[in-house]
file final-v5.cif (mmCIF, C-alpha atoms)
data_target
loop_
_atom_site.label_atom_id
_atom_site.label_comp_id
_atom_site.auth_asym_id
_atom_site.auth_seq_id
_atom_site.Cartn_x
_atom_site.Cartn_y
_atom_site.Cartn_z
CA MET G 459 -1.97 3.94 -11.09
CA ILE G 460 -5.44 4.06 -9.53
CA VAL G 461 -8.41 5.28 -11.56
CA ASP G 462 -11.02 6.47 -9.10
CA LEU G 463 -14.77 6.02 -9.38
CA GLU G 464 -15.44 6.56 -5.68
CA ASP G 465 -14.73 9.61 -3.49
CA GLY G 466 -12.87 11.50 -6.22
CA VAL G 467 -16.02 11.62 -8.36
CA ALA G 468 -19.06 13.81 -7.60
CA PRO G 469 -22.34 11.88 -7.15
CA ASP G 470 -23.87 13.37 -10.30
CA ALA G 471 -20.78 12.43 -12.36
CA LYS G 472 -20.59 8.74 -11.45
CA ALA G 473 -22.25 7.52 -14.65
CA GLN G 474 -20.02 9.68 -16.85
CA ALA G 475 -16.89 8.48 -15.03
CA ARG G 476 -18.01 4.90 -15.58
CA ASP G 477 -18.59 5.54 -19.29
CA ASN G 478 -15.12 7.07 -19.61
CA LEU G 479 -13.40 3.85 -18.53
CA ARG G 480 -13.45 2.28 -21.97
CA SER G 481 -11.71 5.22 -23.64
CA VAL G 482 -9.04 5.33 -20.92
CA LEU G 483 -8.51 1.61 -20.24
CA GLY G 484 -9.84 -0.13 -23.33
CA GLY G 485 -6.35 -1.10 -24.46
CA PRO G 486 -3.20 -2.35 -22.72
CA CYS G 487 -1.41 0.10 -20.41
CA ASP G 488 2.30 0.51 -19.74
CA LYS G 489 1.80 0.43 -15.96
CA PRO G 490 -0.39 -1.65 -13.64
CA VAL G 491 -3.77 0.06 -13.26
CA TYR G 492 -6.34 -0.58 -10.56
CA VAL G 493 -9.85 0.87 -10.63
CA ARG G 494 -11.22 2.00 -7.27
CA VAL G 495 -14.93 1.24 -7.42
CA ASN G 496 -17.62 2.38 -5.03
CA GLY G 497 -18.22 0.35 -1.87
CA LEU G 498 -20.48 -2.68 -1.98
CA ARG G 499 -23.03 -1.04 0.30
CA SER G 500 -23.31 2.09 -1.85
CA GLY G 501 -25.50 0.44 -4.48
CA LEU G 502 -23.04 1.52 -7.19
CA ALA G 503 -20.44 -1.25 -7.03
CA ALA G 504 -22.32 -3.65 -9.31
CA ARG G 505 -22.47 -1.08 -12.11
CA ASP G 506 -18.83 -0.12 -11.57
CA LEU G 507 -17.65 -3.72 -11.75
CA GLU G 508 -19.81 -4.38 -14.80
CA ALA G 509 -18.20 -1.38 -16.51
CA VAL G 510 -14.73 -2.74 -15.75
CA GLY G 511 -15.73 -5.98 -17.49
CA ALA G 512 -12.92 -7.30 -19.65
CA LEU G 513 -11.13 -3.97 -20.16
CA ALA G 514 -7.58 -4.82 -21.22
CA GLY G 515 -6.02 -1.93 -19.30
CA VAL G 516 -7.32 -2.99 -15.87
CA THR G 517 -4.92 -4.97 -13.70
CA GLY G 518 -7.17 -5.25 -10.65
CA ILE G 519 -9.82 -3.69 -8.45
CA SER G 520 -9.32 -1.40 -5.47
CA MET G 521 -12.28 -2.24 -3.24
CA PRO G 522 -13.10 0.39 -0.60
CA LYS G 523 -14.83 -0.09 2.74
CA VAL G 524 -14.32 -3.85 2.91
CA GLU G 525 -15.74 -5.07 6.21
CA GLY G 526 -14.92 -8.77 6.09
CA PRO G 527 -14.00 -11.73 3.84
CA GLU G 528 -17.62 -12.00 2.75
CA ASP G 529 -17.21 -8.67 0.93
CA VAL G 530 -14.27 -10.11 -0.98
CA ALA G 531 -16.42 -13.03 -2.13
CA ALA G 532 -19.25 -10.66 -3.07
CA GLY G 533 -16.89 -8.52 -5.11
CA HIS G 534 -15.64 -11.52 -7.06
CA GLU G 535 -19.21 -12.63 -7.75
CA LEU G 536 -19.95 -9.26 -9.37
CA LEU G 537 -16.87 -9.38 -11.59
CA ALA G 538 -17.38 -10.91 -15.02
CA HIS G 539 -13.63 -11.59 -15.21
CA ARG G 540 -11.78 -12.52 -12.01
CA ARG G 541 -9.14 -9.95 -11.09
CA PRO G 542 -6.97 -9.32 -8.03
CA LEU G 543 -8.63 -7.27 -5.30
CA HIS G 544 -6.78 -4.69 -3.23
CA CYS G 545 -8.93 -4.18 -0.14
CA LEU G 546 -9.18 -0.88 1.69
CA ILE G 547 -9.82 -1.29 5.42
CA GLU G 548 -11.56 1.84 6.64
CA SER G 549 -13.59 1.05 9.77
CA ALA G 550 -12.99 -0.19 13.29
CA ALA G 551 -14.84 -3.44 12.56
CA ALA G 552 -12.84 -4.03 9.38
CA LEU G 553 -9.60 -3.41 11.26
CA GLU G 554 -10.53 -6.18 13.67
CA ALA G 555 -11.06 -8.48 10.66
CA ALA G 556 -7.88 -7.40 8.85
CA TYR G 557 -6.19 -10.80 8.83
CA ALA G 558 -9.35 -12.60 7.67
CA ILE G 559 -9.72 -10.09 4.83
CA ALA G 560 -6.06 -10.39 3.86
CA SER G 561 -6.34 -14.20 3.85
CA ALA G 562 -9.43 -14.31 1.61
CA PRO G 563 -8.92 -15.92 -1.84
CA GLY G 564 -8.15 -13.44 -4.60
CA VAL G 565 -6.88 -10.63 -2.35
CA SER G 566 -3.65 -9.16 -3.73
CA GLY G 567 -3.10 -6.60 -0.98
CA ILE G 568 -4.65 -4.54 1.80
CA SER G 569 -4.18 -0.99 3.01
CA LEU G 570 -5.66 1.38 5.55
CA GLY G 571 -8.21 4.06 4.71
CA GLU G 572 -7.16 6.54 7.39
CA ALA G 573 -9.66 9.35 6.76
CA ASP G 574 -12.71 7.15 7.28
CA LEU G 575 -11.17 5.42 10.28
CA ARG G 576 -10.32 8.74 11.92
CA SER G 577 -13.86 9.98 11.34
CA GLU G 578 -15.23 6.91 13.10
CA THR G 579 -12.79 6.60 15.99
CA GLY G 580 -11.79 10.23 16.57
CA ALA G 581 -8.11 9.24 16.48
CA LEU G 582 -5.53 11.93 15.80
CA GLU G 583 -2.52 11.46 13.50
CA SER G 584 -0.24 9.71 15.99
CA GLY G 585 -3.20 7.76 17.37
CA LEU G 586 -3.35 5.72 14.16
CA ASP G 587 0.03 4.04 14.69
CA TRP G 588 -1.60 0.95 16.20
CA ALA G 589 -3.98 0.62 13.25
CA ARG G 590 -1.12 1.06 10.78
CA SER G 591 0.94 -1.59 12.53
CA ARG G 592 -2.01 -3.96 12.58
CA ILE G 593 -2.49 -3.61 8.82
CA VAL G 594 1.19 -4.31 8.20
CA ASN G 595 1.11 -7.36 10.47
CA ALA G 596 -2.11 -8.74 8.95
CA ALA G 597 -0.76 -8.40 5.41
CA VAL G 598 2.57 -10.05 6.15
CA ALA G 599 0.94 -12.82 8.20
CA ALA G 600 -1.34 -13.58 5.23
CA GLY G 601 1.62 -13.74 2.84
CA LEU G 602 0.78 -10.46 1.07
CA PRO G 603 3.20 -7.62 0.24
CA ARG G 604 3.85 -5.06 2.94
CA PRO G 605 1.07 -2.48 2.50
CA PRO G 606 1.53 1.07 1.23
CA GLN G 607 0.71 3.96 3.53
CA SER G 608 -2.54 5.84 3.16
CA VAL G 609 -2.49 9.12 1.23
CA TYR G 610 -1.16 12.30 2.83
CA PRO G 611 -3.86 14.93 2.16
CA HIS G 612 -1.78 18.10 2.64
CA VAL G 613 -0.40 18.42 -0.88
CA ARG G 614 1.79 21.49 -0.22
CA ASP G 615 3.23 20.27 3.08
CA VAL G 616 6.39 18.60 1.79
CA GLU G 617 8.11 18.46 5.18
CA GLY G 618 5.04 16.95 6.81
CA LEU G 619 4.83 14.33 4.08
CA ALA G 620 8.48 13.37 4.52
CA ARG G 621 8.05 13.16 8.30
CA SER G 622 4.92 11.01 7.93
CA CYS G 623 6.68 8.72 5.42
CA ARG G 624 9.59 8.20 7.79
CA ARG G 625 7.15 7.16 10.50
CA GLY G 626 5.31 4.85 8.10
CA ARG G 627 8.57 3.20 7.13
CA GLU G 628 9.41 2.67 10.80
CA LEU G 629 6.08 0.88 11.20
CA GLY G 630 6.78 -1.46 8.28
CA HIS G 631 4.90 0.11 5.37
CA LEU G 632 6.46 -0.07 1.93
CA GLY G 633 5.73 2.93 -0.28
CA ARG G 634 2.72 5.17 -0.21
CA ALA G 635 -0.33 6.14 -2.23
CA ALA G 636 -0.09 9.68 -3.62
CA ILE G 637 -2.81 12.11 -4.65
CA HIS G 638 -0.55 14.58 -6.51
CA PRO G 639 2.55 14.08 -8.70
CA ALA G 640 4.50 16.53 -6.54
CA GLN G 641 4.36 14.01 -3.69
CA LEU G 642 6.09 11.21 -5.62
CA PRO G 643 9.74 12.32 -5.23
CA VAL G 644 9.28 12.79 -1.47
CA ILE G 645 7.68 9.37 -1.06
CA GLU G 646 10.36 7.68 -3.16
CA GLU G 647 13.20 9.38 -1.30
CA SER G 648 11.72 8.52 2.08
CA TYR G 649 11.26 4.83 1.31
CA LEU G 650 14.48 4.12 -0.56
CA PRO G 651 17.28 2.71 1.62
CA THR G 652 20.24 4.99 2.25
CA GLU G 653 23.74 4.10 1.06
CA GLU G 654 24.67 3.34 4.67
CA GLU G 655 21.68 1.01 5.10
CA LEU G 656 22.61 -0.77 1.88
CA ARG G 657 26.25 -1.11 2.93
CA ARG G 658 25.24 -2.54 6.32
CA ALA G 659 22.70 -4.91 4.71
CA LYS G 660 25.28 -6.26 2.27
CA ALA G 661 27.80 -6.74 5.08
CA THR G 662 25.17 -8.57 7.14
CA ILE G 663 24.34 -10.92 4.27
CA GLU G 664 27.97 -11.64 3.46
CA LEU G 665 28.86 -12.30 7.09
CA LEU G 666 25.89 -14.51 7.91
CA GLU G 667 26.00 -16.51 4.68
CA HIS G 668 29.63 -17.35 5.36
CA THR G 669 29.51 -17.99 9.11
CA LEU G 670 25.95 -19.40 9.37
CA ALA G 671 25.95 -18.21 12.98
CA ALA G 672 25.61 -15.06 15.05
CA ALA G 673 28.43 -12.59 14.46
CA THR G 674 29.48 -8.98 14.93
CA LEU G 675 29.93 -6.45 12.14
CA GLU G 676 32.99 -4.19 12.00
CA ALA G 677 30.99 -1.35 13.57
CA GLY G 678 30.26 -3.56 16.57
CA GLU G 679 26.64 -4.38 15.65
CA PHE G 680 25.53 -7.88 16.64
CA VAL G 681 23.72 -9.74 13.86
CA ASP G 682 22.21 -13.20 13.57
CA SER G 683 20.05 -15.18 11.16
CA ALA G 684 16.88 -13.38 12.27
CA MET G 685 18.21 -10.23 10.56
CA LEU G 686 18.98 -11.89 7.23
CA GLY G 687 15.50 -11.44 5.77
CA ALA G 688 15.43 -7.71 6.48
CA ALA G 689 18.89 -7.27 4.98
CA ARG G 690 17.86 -9.09 1.82
CA GLN G 691 14.78 -6.89 1.46
CA ILE G 692 16.91 -3.74 1.62
CA VAL G 693 19.29 -5.07 -1.03
CA ALA G 694 16.39 -6.11 -3.28
CA ILE G 695 14.76 -2.66 -3.06
CA ALA G 696 18.05 -0.90 -3.76
CA LYS G 697 18.77 -3.18 -6.70
CA ARG G 698 15.39 -2.44 -8.27
CA TYR G 699 14.93 1.24 -7.43
CA GLY G 700 18.29 2.62 -6.26
CA THR G 701 19.15 4.36 -3.00
CA ALA G 702 18.11 7.64 -1.39
CA ARG G 703 20.06 10.65 -2.60
CA TYR G 704 20.20 12.64 0.63
#
call {"tool": "encode", "arguments": {"input": "final-v5.cif", "output": "C-alpha coordinates"}}
result
Amino acid sequence: MIVDLEDGVAPDAKAQARDNLRSVLGGPCDKPVYVRVNGLRSGLAARDLEAVGALAGVTGISMPKVEGPEDVAAGHELLAHRRPLHCLIESAAALEAAYAIASAPGVSGISLGEADLRSETGALESGLDWARSRIVNAAVAAGLPRPPQSVYPHVRDVEGLARSCRRGRELGHLGRAAIHPAQLPVIEESYLPTEEELRRAKATIELLEHTLAAATLEAGEFVDSAMLGAARQIVAIAKRYGTARY
(Lines of atoms letter the chains of each structure in order from A and count residues from 1; the text may use other names and numbers.)
(Lines give C-alpha, C1' and ligand atoms only; values in the text may rest on other atoms or scores of the structure.)
Protein backbone atom coordinates (compact mmCIF):
# COMPACT_ATOMS: atom_id res chain seq x y z
CA MET A 1 0.00 0.00 0.00
CA ILE A 2 1.17 3.53 -0.76
CA VAL A 3 -0.15 6.47 1.25
CA ASP A 4 0.24 9.56 -0.90
CA LEU A 5 1.26 13.02 0.28
CA GLU A 6 2.36 14.21 -3.16
CA ASP A 7 0.34 14.56 -6.39
CA GLY A 8 -2.79 12.95 -4.94
CA VAL A 9 -3.14 15.76 -2.40
CA ALA A 10 -4.22 19.32 -3.26
CA PRO A 11 -1.68 22.03 -2.32
CA ASP A 12 -3.96 23.52 0.33
CA ALA A 13 -4.53 20.08 1.92
CA LYS A 14 -0.88 19.06 2.37
CA ALA A 15 -0.72 19.99 6.06
CA GLN A 16 -3.96 18.15 6.84
CA ALA A 17 -2.77 15.04 4.99
CA ARG A 18 0.45 15.14 6.98
CA ASP A 19 -1.47 15.45 10.26
CA ASN A 20 -3.64 12.47 9.31
CA LEU A 21 -0.65 10.12 9.12
CA ARG A 22 -0.58 9.37 12.83
CA SER A 23 -4.22 8.27 12.96
CA VAL A 24 -3.76 6.04 9.90
CA LEU A 25 -0.25 4.66 10.50
CA GLY A 26 0.35 5.15 14.21
CA GLY A 27 0.11 1.41 14.87
CA PRO A 28 1.32 -1.73 13.11
CA CYS A 29 -0.32 -2.56 9.76
CA ASP A 30 -1.14 -5.94 8.26
CA LYS A 31 0.52 -5.06 4.94
CA PRO A 32 3.72 -3.23 4.00
CA VAL A 33 2.97 0.50 3.73
CA TYR A 34 5.10 3.11 2.00
CA VAL A 35 4.45 6.84 2.26
CA ARG A 36 5.02 8.82 -0.93
CA VAL A 37 6.36 12.17 0.22
CA ASN A 38 6.79 15.32 -1.83
CA GLY A 39 9.97 15.73 -3.86
CA LEU A 40 13.08 17.12 -2.23
CA ARG A 41 12.99 20.24 -4.38
CA SER A 42 9.39 21.06 -3.47
CA GLY A 43 10.27 22.45 -0.05
CA LEU A 44 7.76 20.06 1.54
CA ALA A 45 9.80 16.87 1.86
CA ALA A 46 11.43 17.81 5.18
CA ARG A 47 8.05 18.29 6.84
CA ASP A 48 6.70 15.10 5.28
CA LEU A 49 9.64 13.03 6.49
CA GLU A 50 9.45 14.60 9.94
CA ALA A 51 5.77 13.62 10.11
CA VAL A 52 6.62 10.03 9.20
CA GLY A 53 9.04 9.97 12.14
CA ALA A 54 8.85 6.69 14.02
CA LEU A 55 5.30 5.76 12.94
CA ALA A 56 4.97 2.02 13.49
CA GLY A 57 2.83 1.47 10.40
CA VAL A 58 5.37 2.84 7.91
CA THR A 59 7.55 0.27 6.15
CA GLY A 60 9.43 2.70 3.91
CA ILE A 61 9.40 5.89 1.89
CA SER A 62 8.42 6.33 -1.75
CA MET A 63 10.62 9.21 -2.88
CA PRO A 64 9.45 10.96 -6.07
CA LYS A 65 11.53 12.88 -8.59
CA VAL A 66 14.87 11.45 -7.52
CA GLU A 67 17.55 12.88 -9.80
CA GLY A 68 20.67 11.13 -8.55
CA PRO A 69 22.26 9.24 -5.63
CA GLU A 70 22.78 12.53 -3.80
CA ASP A 71 18.99 12.78 -3.42
CA VAL A 72 18.97 9.37 -1.74
CA ALA A 73 21.56 10.57 0.77
CA ALA A 74 19.60 13.78 1.36
CA GLY A 75 16.41 11.83 1.98
CA HIS A 76 18.11 9.65 4.58
CA GLU A 77 19.52 12.72 6.32
CA LEU A 78 15.99 14.11 6.75
CA LEU A 79 14.64 10.86 8.20
CA ALA A 80 14.77 10.58 11.98
CA HIS A 81 14.58 6.78 11.63
CA ARG A 82 16.31 5.13 8.68
CA ARG A 83 13.86 3.35 6.39
CA PRO A 84 14.08 1.77 2.93
CA LEU A 85 13.63 4.19 0.05
CA HIS A 86 11.77 3.31 -3.14
CA CYS A 87 12.94 5.85 -5.69
CA LEU A 88 10.73 7.13 -8.50
CA ILE A 89 12.70 8.07 -11.62
CA GLU A 90 10.70 10.67 -13.50
CA SER A 91 13.03 12.78 -15.66
CA ALA A 92 15.41 12.27 -18.56
CA ALA A 93 18.40 13.14 -16.36
CA ALA A 94 17.29 10.71 -13.65
CA LEU A 95 16.85 7.97 -16.24
CA GLU A 96 20.47 8.43 -17.27
CA ALA A 97 21.46 8.02 -13.60
CA ALA A 98 19.16 5.04 -12.97
CA TYR A 99 21.89 2.54 -12.08
CA ALA A 100 23.66 4.99 -9.74
CA ILE A 101 20.36 5.67 -7.97
CA ALA A 102 19.54 1.96 -7.72
CA SER A 103 23.02 1.26 -6.30
CA ALA A 104 22.83 3.95 -3.59
CA PRO A 105 22.82 2.66 0.03
CA GLY A 106 19.36 2.25 1.51
CA VAL A 107 17.48 1.99 -1.80
CA SER A 108 14.99 -0.89 -1.72
CA GLY A 109 13.66 -0.46 -5.24
CA ILE A 110 13.20 1.87 -8.21
CA SER A 111 10.40 2.46 -10.67
CA LEU A 112 9.55 4.77 -13.53
CA GLY A 113 7.30 7.80 -13.21
CA GLU A 114 5.92 7.73 -16.74
CA ALA A 115 3.63 10.77 -16.67
CA ASP A 116 6.40 13.20 -15.74
CA LEU A 117 8.83 11.62 -18.18
CA ARG A 118 6.33 11.84 -21.02
CA SER A 119 5.67 15.49 -20.22
CA GLU A 120 9.38 16.21 -20.46
CA THR A 121 10.33 14.12 -23.48
CA GLY A 122 7.10 14.15 -25.50
CA ALA A 123 7.25 10.35 -25.81
CA LEU A 124 4.07 8.48 -26.67
CA GLU A 125 3.00 5.21 -25.00
CA SER A 126 5.12 2.86 -27.11
CA GLY A 127 7.98 5.35 -27.08
CA LEU A 128 8.59 4.61 -23.40
CA ASP A 129 9.66 1.01 -23.96
CA TRP A 130 13.34 1.95 -23.92
CA ALA A 131 12.93 3.82 -20.63
CA ARG A 132 11.01 0.91 -19.10
CA SER A 133 13.70 -1.55 -20.17
CA ARG A 134 16.41 0.69 -18.78
CA ILE A 135 14.71 0.82 -15.37
CA VAL A 136 14.39 -2.97 -15.30
CA ASN A 137 18.04 -3.41 -16.28
CA ALA A 138 19.30 -0.84 -13.74
CA ALA A 139 17.34 -2.45 -10.91
CA VAL A 140 18.48 -5.98 -11.67
CA ALA A 141 22.09 -4.89 -12.23
CA ALA A 142 22.04 -3.23 -8.79
CA GLY A 143 20.68 -6.38 -7.14
CA LEU A 144 17.19 -4.94 -6.53
CA PRO A 145 13.85 -6.63 -7.27
CA ARG A 146 12.48 -6.31 -10.77
CA PRO A 147 10.52 -3.02 -10.73
CA PRO A 148 6.75 -2.71 -10.93
CA GLN A 149 5.21 -0.92 -13.88
CA SER A 150 4.00 2.63 -13.56
CA VAL A 151 0.28 3.21 -12.98
CA TYR A 152 -2.21 2.91 -15.84
CA PRO A 153 -4.31 6.10 -15.62
CA HIS A 154 -7.38 4.96 -17.61
CA VAL A 155 -9.32 3.33 -14.79
CA ARG A 156 -12.24 2.08 -16.92
CA ASP A 157 -10.11 0.76 -19.79
CA VAL A 158 -9.73 -2.85 -18.65
CA GLU A 159 -8.61 -4.15 -22.05
CA GLY A 160 -6.02 -1.40 -22.38
CA LEU A 161 -4.69 -2.18 -18.91
CA ALA A 162 -4.36 -5.88 -19.71
CA ARG A 163 -2.60 -5.10 -22.99
CA SER A 164 -0.22 -2.68 -21.26
CA CYS A 165 0.53 -5.23 -18.51
CA ARG A 166 1.37 -7.90 -21.07
CA ARG A 167 3.83 -5.51 -22.68
CA GLY A 168 5.32 -4.60 -19.30
CA ARG A 169 5.80 -8.26 -18.48
CA GLU A 170 7.55 -8.79 -21.82
CA LEU A 171 9.96 -6.00 -20.87
CA GLY A 172 10.78 -7.60 -17.52
CA HIS A 173 8.59 -5.72 -15.04
CA LEU A 174 7.09 -7.65 -12.15
CA GLY A 175 3.67 -6.44 -11.06
CA ARG A 176 2.26 -2.97 -11.31
CA ALA A 177 1.19 -0.02 -9.19
CA ALA A 178 -2.59 0.50 -9.23
CA ILE A 179 -4.66 3.62 -8.62
CA HIS A 180 -8.04 1.86 -8.26
CA PRO A 181 -9.06 -1.49 -6.70
CA ALA A 182 -10.78 -2.50 -9.94
CA GLN A 183 -7.37 -2.68 -11.61
CA LEU A 184 -5.94 -5.27 -9.20
CA PRO A 185 -7.49 -8.45 -10.68
CA VAL A 186 -6.34 -7.47 -14.19
CA ILE A 187 -2.80 -6.76 -13.02
CA GLU A 188 -2.62 -9.99 -11.05
CA GLU A 189 -3.97 -12.09 -13.92
CA SER A 190 -1.57 -10.50 -16.40
CA TYR A 191 1.52 -11.09 -14.29
CA LEU A 192 0.81 -14.57 -12.99
CA PRO A 193 2.39 -17.37 -15.03
CA THR A 194 0.03 -19.56 -17.01
CA GLU A 195 -0.31 -23.29 -16.32
CA GLU A 196 1.61 -23.96 -19.53
CA GLU A 197 4.44 -21.64 -18.49
CA LEU A 198 4.60 -23.35 -15.11
CA ARG A 199 4.62 -26.81 -16.68
CA ARG A 200 7.43 -25.82 -19.06
CA ALA A 201 9.42 -24.17 -16.24
CA LYS A 202 9.18 -27.27 -14.05
CA ALA A 203 10.23 -29.50 -16.95
CA THR A 204 13.19 -27.21 -17.64
CA ILE A 205 14.34 -27.33 -14.02
CA GLU A 206 13.97 -31.09 -13.76
CA LEU A 207 15.81 -31.70 -17.01
CA LEU A 208 18.70 -29.32 -16.38
CA GLU A 209 19.21 -30.29 -12.74
CA HIS A 210 19.53 -33.92 -13.80
CA THR A 211 21.60 -33.54 -16.97
CA LEU A 212 23.66 -30.46 -15.98
CA ALA A 213 24.00 -29.74 -19.70
CA ALA A 214 22.05 -28.38 -22.64
CA ALA A 215 19.06 -30.53 -23.55
CA THR A 216 15.80 -30.57 -25.48
CA LEU A 217 12.34 -30.67 -23.92
CA GLU A 218 9.66 -33.05 -25.22
CA ALA A 219 8.11 -30.23 -27.26
CA GLY A 220 11.41 -29.76 -29.06
CA GLU A 221 12.49 -26.59 -27.20
CA PHE A 222 16.24 -26.30 -26.64
CA VAL A 223 17.16 -25.35 -23.07
CA ASP A 224 20.45 -24.82 -21.27
CA SER A 225 21.71 -23.51 -17.93
CA ALA A 226 21.12 -19.89 -18.95
CA MET A 227 17.37 -20.55 -18.78
CA LEU A 228 17.40 -22.09 -15.30
CA GLY A 229 17.09 -18.80 -13.43
CA ALA A 230 14.03 -17.70 -15.39
CA ALA A 231 12.38 -21.08 -14.88
CA ARG A 232 12.97 -20.92 -11.13
CA GLN A 233 11.44 -17.43 -10.97
CA ILE A 234 8.27 -18.66 -12.67
CA VAL A 235 7.97 -21.58 -10.25
CA ALA A 236 8.57 -19.31 -7.25
CA ILE A 237 5.87 -16.84 -8.34
CA ALA A 238 3.38 -19.63 -9.00
CA LYS A 239 4.13 -21.24 -5.65
CA ARG A 240 3.50 -17.98 -3.79
CA TYR A 241 0.61 -16.50 -5.78
CA GLY A 242 -0.82 -19.25 -8.01
CA THR A 243 -1.26 -19.27 -11.79
CA ALA A 244 -3.37 -17.25 -14.21
CA ARG A 245 -6.94 -18.49 -14.57
CA TYR A 246 -7.48 -17.75 -18.26
call {"tool": "residues_around", "arguments": {"input": "final-v5.cif", "residues": "Arg494 in chain G", "least_positions_apart": "4", "cutoff": "8 Å", "atoms": "all atoms listed in the file", "output": "PDB file with C-alpha atoms, keeping the file's coordinate frame"}}
result
ATOM      1  CA  ILE G 460      -5.440   4.060  -9.530  1.00  0.00           C
ATOM      2  CA  VAL G 461      -8.410   5.280 -11.560  1.00  0.00           C
ATOM      3  CA  ASP G 462     -11.020   6.470  -9.100  1.00  0.00           C
ATOM      4  CA  LEU G 463     -14.770   6.020  -9.380  1.00  0.00           C
ATOM      5  CA  GLU G 464     -15.440   6.560  -5.680  1.00  0.00           C
ATOM      6  CA  ILE G 519      -9.820  -3.690  -8.450  1.00  0.00           C
ATOM      7  CA  SER G 520      -9.320  -1.400  -5.470  1.00  0.00           C
ATOM      8  CA  MET G 521     -12.280  -2.240  -3.240  1.00  0.00           C
ATOM      9  CA  PRO G 522     -13.100   0.390  -0.600  1.00  0.00           C
TER      10      PRO G 522
END
call {"tool": "atom_distance", "arguments": {"input": "final-v5.cif", "atom1": "CA of Pro490 in chain G", "atom2": "CA of Leu507 in chain G"}}
result
17.5 Å
call {"tool": "closest_residue", "arguments": {"input": "final-v5.cif", "among": "G:Gly526, G:Leu536, G:Tyr492, G:Gln641", "to": "Asp506 in chain G", "atoms": "only C-alpha atoms"}}
result
G:Leu536
call {"tool": "residues_around", "arguments": {"input": "final-v5.cif", "residues": "Asp529 in chain G", "least_positions_apart": "5", "cutoff": "12 Å", "atoms": "only C-alpha atoms", "output": "MDAnalysis selection string"}}
result
chainID G and resid 497:499 503 521:524 534:536 543:547 552 555 558:560 562:565
call {"tool": "residues_around", "arguments": {"input": "final-v5.cif", "residues": "Ile663 in chain G", "least_positions_apart": "6", "cutoff": "8 Å", "atoms": "all atoms listed in the file", "output": "count of residues only"}}
result
3
call {"tool": "atom_distance", "arguments": {"input": "final-v5.cif", "atom1": "CA of Met685 in chain G", "atom2": "CA of Ala597 in chain G"}}
result
19.7 Å
call {"tool": "atom_distance", "arguments": {"input": "final-v5.cif", "atom1": "CA of Arg476 in chain G", "atom2": "CA of Val530 in chain G"}}
result
21.3 Å
call {"tool": "residues_around", "arguments": {"input": "final-v5.cif", "residues": "His638 in chain G", "least_positions_apart": "6", "cutoff": "10 Å", "atoms": "all atoms listed in the file", "output": "NGL selection string"}}
result
:G and (609-614)
